[in-house]
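Q: This one is work13.pdb, PDB, C-alpha atoms.
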```pdb
ATOM      1  CA  MET A  21       0.000   0.000   0.000
ATOM      2  CA  ALA A  22       1.058   3.574  -0.587
ATOM      3  CA  ALA A  23       2.610   5.489   2.283
ATOM      4  CA  PRO A  24       0.643   8.391   3.777
ATOM      5  CA  VAL A  25       1.073  11.477   1.643
ATOM      6  CA  ALA A  26      -0.269  14.969   2.128
ATOM      7  CA  ALA A  27      -0.785  16.999  -1.023
ATOM      8  CA  SER A  28      -2.277  20.386  -1.722
ATOM      9  CA  ILE A  29      -4.165  21.054  -4.953
ATOM     10  CA  MET A  30      -5.557  24.442  -6.021
ATOM     11  CA  LEU A  31      -9.120  24.537  -7.306
ATOM     12  CA  ALA A  32     -11.126  27.647  -8.074
ATOM     13  CA  ALA A  33     -14.735  27.883  -6.963
ATOM     14  CA  CYS A  34     -16.720  29.361  -9.803
ATOM     15  CA  GLY A  35     -20.340  29.567  -8.793
ATOM     16  CA  GLY A  36     -21.141  25.892  -9.136
ATOM     17  CA  SER A  37     -19.110  24.868 -12.160
ATOM     18  CA  ASN A  38     -16.451  22.176 -12.183
ATOM     19  CA  GLU A  39     -12.871  23.369 -12.379
ATOM     20  CA  GLU A  40     -10.020  21.198 -13.618
ATOM     21  CA  VAL A  41      -6.575  21.234 -12.048
ATOM     22  CA  SER A  42      -3.659  21.761 -14.422
ATOM     23  CA  SER A  43      -2.327  18.405 -15.597
ATOM     24  CA  SER A  44       1.319  19.345 -15.055
ATOM     25  CA  TYR A  45       0.708  19.499 -11.295
ATOM     26  CA  THR A  46      -1.613  16.488 -11.000
ATOM     27  CA  GLU A  47       0.923  14.144 -12.611
ATOM     28  CA  GLN A  48       3.323  14.791  -9.713
ATOM     29  CA  GLN A  49       0.892  13.516  -7.042
ATOM     30  CA  SER A  50      -0.436   9.999  -6.418
ATOM     31  CA  VAL A  51      -3.984  11.046  -5.524
ATOM     32  CA  VAL A  52      -5.288  14.433  -6.579
ATOM     33  CA  ALA A  53      -8.476  16.446  -6.316
ATOM     34  CA  GLU A  54      -9.450  16.475  -9.979
ATOM     35  CA  SER A  55     -12.438  18.820  -9.631
ATOM     36  CA  ILE A  56     -14.776  20.452  -7.162
ATOM     37  CA  ALA A  57     -18.425  21.373  -7.743
ATOM     38  CA  PHE A  58     -21.141  23.006  -5.683
ATOM     39  CA  ASP A  59     -24.131  22.120  -7.879
ATOM     40  CA  ASP A  60     -24.202  18.327  -7.525
ATOM     41  CA  LYS A  61     -27.748  17.137  -6.781
ATOM     42  CA  GLU A  62     -26.642  13.829  -5.239
ATOM     43  CA  CYS A  63     -24.409  15.619  -2.731
ATOM     44  CA  ALA A  64     -27.046  18.269  -2.002
ATOM     45  CA  ALA A  65     -29.529  15.490  -1.187
ATOM     46  CA  GLN A  66     -27.035  14.237   1.432
ATOM     47  CA  ARG A  67     -26.738  17.800   2.826
ATOM     48  CA  LEU A  68     -23.089  17.848   1.763
ATOM     49  CA  PRO A  69     -22.588  20.840  -0.555
ATOM     50  CA  ILE A  70     -19.287  19.899  -2.208
ATOM     51  CA  ALA A  71     -18.750  17.217  -4.852
ATOM     52  CA  LEU A  72     -15.065  16.389  -4.936
ATOM     53  CA  VAL A  73     -13.620  14.127  -7.639
ATOM     54  CA  LEU A  74     -10.505  12.304  -6.502
ATOM     55  CA  LYS A  75      -8.195  10.664  -9.038
ATOM     56  CA  ASN A  76      -5.550   8.057  -8.311
ATOM     57  CA  ASN A  77      -2.543   8.802 -10.522
ATOM     58  CA  GLY A  78      -0.383   6.393  -8.531
ATOM     59  CA  SER A  79       0.597   2.807  -9.225
ATOM     60  CA  GLU A  80      -1.158   1.318  -6.149
ATOM     61  CA  ALA A  81      -4.758   1.319  -4.931
ATOM     62  CA  THR A  82      -5.686   3.585  -2.029
ATOM     63  CA  ARG A  83      -7.018   2.316   1.298
ATOM     64  CA  SER A  84      -8.426   5.673   2.384
ATOM     65  CA  VAL A  85      -8.302   9.344   1.489
ATOM     66  CA  SER A  86      -8.989  12.234   3.872
ATOM     67  CA  TRP A  87      -8.942  15.961   3.142
ATOM     68  CA  HIS A  88      -9.050  19.515   4.442
ATOM     69  CA  PHE A  89      -9.828  22.685   2.572
ATOM     70  CA  ALA A  90      -7.727  25.825   2.623
ATOM     71  CA  VAL A  91      -9.628  28.727   1.072
ATOM     72  CA  ASN A  92      -8.522  32.219   0.192
ATOM     73  CA  ARG A  93     -10.047  35.140  -1.686
ATOM     74  CA  VAL A  94      -8.934  35.426  -5.317
ATOM     75  CA  ASN A  95      -5.619  37.317  -5.496
ATOM     76  CA  HIS A  96      -5.161  37.101  -1.706
ATOM     77  CA  SER A  97      -2.979  34.760   0.312
ATOM     78  CA  ASP A  98      -4.651  34.551   3.738
ATOM     79  CA  ASN A  99      -6.341  31.245   4.495
ATOM     80  CA  LEU A 100      -9.944  31.975   5.519
ATOM     81  CA  THR A 101     -10.403  28.500   7.001
ATOM     82  CA  GLY A 102      -7.953  28.512   9.894
ATOM     83  CA  LEU A 103     -10.418  26.885  12.278
ATOM     84  CA  ASP A 104     -11.466  24.359   9.651
ATOM     85  CA  MET A 105      -7.907  23.043   9.424
ATOM     86  CA  GLY A 106      -8.509  21.607  12.899
ATOM     87  CA  THR A 107     -11.112  19.208  11.516
ATOM     88  CA  PRO A 108      -9.624  15.754  12.116
ATOM     89  CA  PHE A 109      -8.700  13.663   9.087
ATOM     90  CA  THR A 110     -10.998  11.019  10.619
ATOM     91  CA  ASP A 111     -14.131  13.209  10.136
ATOM     92  CA  ALA A 112     -16.652  11.034   8.248
ATOM     93  CA  ASN A 113     -17.652  13.974   6.005
ATOM     94  CA  ARG A 114     -14.016  14.519   4.961
ATOM     95  CA  ARG A 115     -12.878  10.937   4.504
ATOM     96  CA  THR A 116     -13.546   7.955   2.265
ATOM     97  CA  ASP A 117     -12.414   4.392   2.689
ATOM     98  CA  ARG A 118     -13.393   3.663  -0.913
ATOM     99  CA  ILE A 119     -10.524   1.841  -2.608
ATOM    100  CA  ILE A 120      -9.518   3.901  -5.628
ATOM    101  CA  GLU A 121      -7.625   1.828  -8.184
ATOM    102  CA  PRO A 122      -4.721   3.293 -10.206
ATOM    103  CA  GLY A 123      -6.090   5.509 -12.987
ATOM    104  CA  GLU A 124      -9.568   5.581 -11.449
ATOM    105  CA  SER A 125     -11.545   8.706 -10.515
ATOM    106  CA  PHE A 126     -14.132   8.662  -7.740
ATOM    107  CA  LYS A 127     -16.669  11.309  -6.710
ATOM    108  CA  VAL A 128     -17.204  11.890  -3.013
ATOM    109  CA  CYS A 129     -19.535  14.332  -1.263
ATOM    110  CA  SER A 130     -18.009  16.581   1.357
ATOM    111  CA  SER A 131     -18.969  19.033   4.028
ATOM    112  CA  ALA A 132     -17.906  22.620   3.326
ATOM    113  CA  PRO A 133     -15.370  24.546   5.363
ATOM    114  CA  ARG A 134     -16.577  27.347   7.616
ATOM    115  CA  ILE A 135     -15.824  30.654   5.927
ATOM    116  CA  GLU A 136     -17.171  33.672   7.773
ATOM    117  CA  GLY A 137     -18.804  36.242   5.490
ATOM    118  CA  TYR A 138     -18.838  34.058   2.342
ATOM    119  CA  ALA A 139     -21.022  31.361   0.864
ATOM    120  CA  PRO A 140     -18.924  28.245   0.172
ATOM    121  CA  ASP A 141     -19.566  28.555  -3.581
ATOM    122  CA  SER A 142     -18.676  32.264  -3.842
ATOM    123  CA  LYS A 143     -16.867  33.220  -7.049
ATOM    124  CA  GLU A 144     -14.526  35.293  -4.884
ATOM    125  CA  LEU A 145     -12.953  32.175  -3.355
ATOM    126  CA  GLU A 146     -10.201  29.749  -4.386
ATOM    127  CA  TYR A 147      -9.999  26.306  -2.805
ATOM    128  CA  ARG A 148      -6.946  24.180  -2.077
ATOM    129  CA  VAL A 149      -7.578  20.569  -1.174
ATOM    130  CA  ILE A 150      -5.068  19.075   1.250
ATOM    131  CA  LEU A 151      -5.133  15.297   0.927
ATOM    132  CA  ASP A 152      -3.950  12.569   3.276
ATOM    133  CA  THR A 153      -3.715   9.273   1.413
ATOM    134  CA  LYS A 154      -3.129   5.786   2.757
TER     135      LYS A 154
END
```
Please render this file's structure as structure tokens.
A:
Amino acid sequence: MAAPVAASIMLAACGGSNEEVSSSYTEQQSVVAESIAFDDKECAAQRLPIALVLKNNGSEATRSVSWHFAVNRVNHSDNLTGLDMGTPFTDANRRTDRIIEPGESFKVCSSAPRIEGYAPDSKELEYRVILDTK
């Protein structure tokens, strides 16, 4: 099995549309956040506003993937989710034990980070997904 790895991927929130991560960066990581969306009906029905697509670019299957979000305003560097970073990687709404085979993508629904003064899907925000893979 793959060793635990933490990776950070930048995704832009654009009012509900999917955003792709540049391929040059994703090829360097075993498991990446391929896209993030706020308009997924399946996730909304579960009261989890974020649809996150994880892709395994590694050579081994995953056992589990956990994540945090770091969010900043466009063209700003301050992380607006300082308190959210304290969410444990064991949080059921930020973790999947779904085995993701090499080359496979898998959609997971996620809770949103707490961002005071902004809706999670605001066009003014950029998301980074920090992954912990086992």
Q: Determine, for each residue of segment 83-106 of chain A having at least one atom at most 12 Å from an atom of segment 61-77 of chain A, the closest pair of atoms and their separation in Å to one decimal, counting all atoms listed in the file; order by chain and ascending number, as CSV.
A:
```
residue,atom,partner,partner_atom,distance
A:Arg83,CA,A:Asn76,CA,11.3
A:Ser84,CA,A:Leu74,CA,11.3
A:Val85,CA,A:Leu74,CA,8.8
A:Ser86,CA,A:Leu74,CA,10.5
A:Trp87,CA,A:Leu72,CA,10.1
A:His88,CA,A:Leu72,CA,11.6
A:Phe89,CA,A:Ile70,CA,11.0
```
Q: List the spatial neighbours of Ala81 of chain A as a PDB file with C-alpha atoms, in the coordinates of the input - criterion: any atom at most 12 Å away, all atoms listed in the file, same-chain residues fewer than 6 positions off excluded.
A:
```pdb
ATOM      1  CA  MET A  21       0.000   0.000   0.000  1.00  0.00           C
ATOM      2  CA  ALA A  22       1.058   3.574  -0.587  1.00  0.00           C
ATOM      3  CA  ALA A  23       2.610   5.489   2.283  1.00  0.00           C
ATOM      4  CA  SER A  50      -0.436   9.999  -6.418  1.00  0.00           C
ATOM      5  CA  VAL A  51      -3.984  11.046  -5.524  1.00  0.00           C
ATOM      6  CA  LYS A  75      -8.195  10.664  -9.038  1.00  0.00           C
ATOM      7  CA  ASP A 117     -12.414   4.392   2.689  1.00  0.00           C
ATOM      8  CA  ARG A 118     -13.393   3.663  -0.913  1.00  0.00           C
ATOM      9  CA  ILE A 119     -10.524   1.841  -2.608  1.00  0.00           C
ATOM     10  CA  ILE A 120      -9.518   3.901  -5.628  1.00  0.00           C
ATOM     11  CA  GLU A 121      -7.625   1.828  -8.184  1.00  0.00           C
ATOM     12  CA  PRO A 122      -4.721   3.293 -10.206  1.00  0.00           C
ATOM     13  CA  GLY A 123      -6.090   5.509 -12.987  1.00  0.00           C
ATOM     14  CA  GLU A 124      -9.568   5.581 -11.449  1.00  0.00           C
ATOM     15  CA  SER A 125     -11.545   8.706 -10.515  1.00  0.00           C
ATOM     16  CA  THR A 153      -3.715   9.273   1.413  1.00  0.00           C
ATOM     17  CA  LYS A 154      -3.129   5.786   2.757  1.00  0.00           C
TER      18      LYS A 154
END
```
Q: Nearest to Ser79 of chain A among A:Ala112, A:Ala132, A:Gln49, A:Pro140, with distances taken over only C-alpha atoms: which residue is it?
A: A:Gln49
Q: Pick from A:Val91, A:Leu151, A:Leu100, A:Val52: nearest to Glu136 of chain A, with all atoms listed in the file counted?
A: A:Leu100
Q: Would you compute the distance between atom CA of Cys129 of chain A and atom CA of Arg114 of chain A? Give it in Å to one decimal.
A: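 Spanning atom CA of Cys129 of chain A to atom CA of Arg114 of chain A is a straight-line distance of 8.3 Å.
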Q: Taking all atoms of segment 58-73 of chain A that the file lists, what box with edges along x, y and z, padded by 8 Å per side, do you get, with centre and edge lengths in Å to one decimal, as AutoDock Vina command-line options?
A:
```
--center_x -21.6 --center_y 18.4 --center_z -2.5 --size_x 31.9 --size_y 25.2 --size_z 26.7
```
Q: Of the residues A:Asp59, A:Thr116, A:Asn99, A:Gly78, which is the one nearest to Glu146 of chain A, using all atoms listed in the file?
A: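 Closest to Glu146 of chain A, using all atoms listed in the file: A:Asn99.
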Q: For atom CA of Gly102 of chain A and atom CA of Phe126 of chain A, determine how far apart the two atoms are, in Å to one decimal place.
A: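 Computing it gives 27.3 Å between the two atoms.
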Q: Here is a test: counting only C-alpha atoms, which residue of A:Asp141, A:Arg115, A:Ser55, A:Phe109 is nearest to Arg93 of chain A?
A: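 Looking only at the distances to Arg93 of chain A, the closest residue turns out to be A:Asp141.
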Q: As a check of understanding, name the residues that the PyMOL selection byres ((chain A and resi 104) around 8) selects in the supplied structure, as a list of chain:residue names.
A: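 Checking the PyMOL selection byres ((chain A and resi 104) around 8) against this file, the residues are A:His88, A:Phe89, A:Thr101, A:Gly102, A:Leu103, A:Met105, A:Gly106, A:Thr107, A:Pro133, A:Arg134.
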Q: Go ahead and compute the interatomic distance for atom CA of Lys143 of chain A and atom CA of Thr110 of chain A, in Å to one decimal.
A: 29.0 Å
Q: Skipping near chain neighbours, those fewer than 3 positions away, what residues fall within 10 Å of Asn95 of chain A using only C-alpha atoms, listed as a ChimeraX atom specification?
A: /A:92,98,144-146
Q: Between A:Asp60, A:Glu54, A:Ser131, A:Tyr138, which residue has the minimum interatomic distance to Asp111 of chain A, considering all atoms listed in the file?
A: A:Ser131
Q: Between A:Tyr147, A:Gly137, A:Ala57, A:Asp152, which one has atoms that come closest to Ser97 of chain A, using all atoms listed in the file?
A: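 Closest to Ser97 of chain A, using all atoms listed in the file: A:Tyr147.
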Q: For segment 125-145 of chain A, where the input has fewer atoms than it should, I would like N, CA and C atoms rebuilt and written as a CSV table (one decimal), keeping the file's coordinate frame.
A:
```csv
chain,number,residue,atom,x,y,z
A,125,SER,N,-11.0,7.5,-11.2
A,125,SER,CA,-11.5,8.7,-10.5
A,125,SER,C,-12.8,8.3,-9.7
A,126,PHE,N,-13.0,9.0,-8.6
A,126,PHE,CA,-14.1,8.7,-7.7
A,126,PHE,C,-14.7,9.9,-7.1
A,127,LYS,N,-16.0,10.1,-7.3
A,127,LYS,CA,-16.7,11.3,-6.7
A,127,LYS,C,-17.1,11.0,-5.3
A,128,VAL,N,-16.8,12.0,-4.4
A,128,VAL,CA,-17.2,11.9,-3.0
A,128,VAL,C,-17.9,13.2,-2.6
A,129,CYS,N,-18.9,13.1,-1.8
A,129,CYS,CA,-19.5,14.3,-1.3
A,129,CYS,C,-18.9,14.8,0.0
A,130,SER,N,-18.7,16.1,0.2
A,130,SER,CA,-18.0,16.6,1.4
A,130,SER,C,-18.7,17.7,2.0
A,131,SER,N,-18.5,17.8,3.3
A,131,SER,CA,-19.0,19.0,4.0
A,131,SER,C,-18.1,20.2,3.6
A,132,ALA,N,-18.6,21.4,3.7
A,132,ALA,CA,-17.9,22.6,3.3
A,132,ALA,C,-17.2,23.2,4.5
A,133,PRO,N,-16.1,23.9,4.3
A,133,PRO,CA,-15.4,24.5,5.4
A,133,PRO,C,-16.2,25.7,5.8
A,134,ARG,N,-15.9,26.1,7.1
A,134,ARG,CA,-16.6,27.3,7.6
A,134,ARG,C,-15.8,28.6,7.1
A,135,ILE,N,-16.5,29.4,6.4
A,135,ILE,CA,-15.8,30.7,5.9
A,135,ILE,C,-16.7,31.8,6.3
A,136,GLU,N,-16.3,32.6,7.3
A,136,GLU,CA,-17.2,33.7,7.8
A,136,GLU,C,-17.3,34.8,6.7
A,137,GLY,N,-18.5,35.2,6.4
A,137,GLY,CA,-18.8,36.2,5.5
A,137,GLY,C,-18.9,35.8,4.0
A,138,TYR,N,-18.8,34.5,3.7
A,138,TYR,CA,-18.8,34.1,2.3
A,138,TYR,C,-19.7,32.8,2.3
A,139,ALA,N,-20.4,32.6,1.2
A,139,ALA,CA,-21.0,31.4,0.9
A,139,ALA,C,-19.9,30.4,0.3
A,140,PRO,N,-20.0,29.1,0.6
A,140,PRO,CA,-18.9,28.2,0.2
A,140,PRO,C,-18.7,28.3,-1.3
A,141,ASP,N,-19.7,28.6,-2.1
A,141,ASP,CA,-19.6,28.6,-3.6
A,141,ASP,C,-19.3,29.9,-4.2
A,142,SER,N,-18.9,30.9,-3.4
A,142,SER,CA,-18.7,32.3,-3.8
A,142,SER,C,-17.6,32.3,-4.9
A,143,LYS,N,-17.8,33.1,-6.0
A,143,LYS,CA,-16.9,33.2,-7.0
A,143,LYS,C,-15.6,34.0,-6.6
A,144,GLU,N,-15.7,34.6,-5.4
A,144,GLU,CA,-14.5,35.3,-4.9
A,144,GLU,C,-13.5,34.4,-4.2
A,145,LEU,N,-13.8,33.1,-4.1
A,145,LEU,CA,-13.0,32.2,-3.4
A,145,LEU,C,-12.2,31.2,-4.2
```
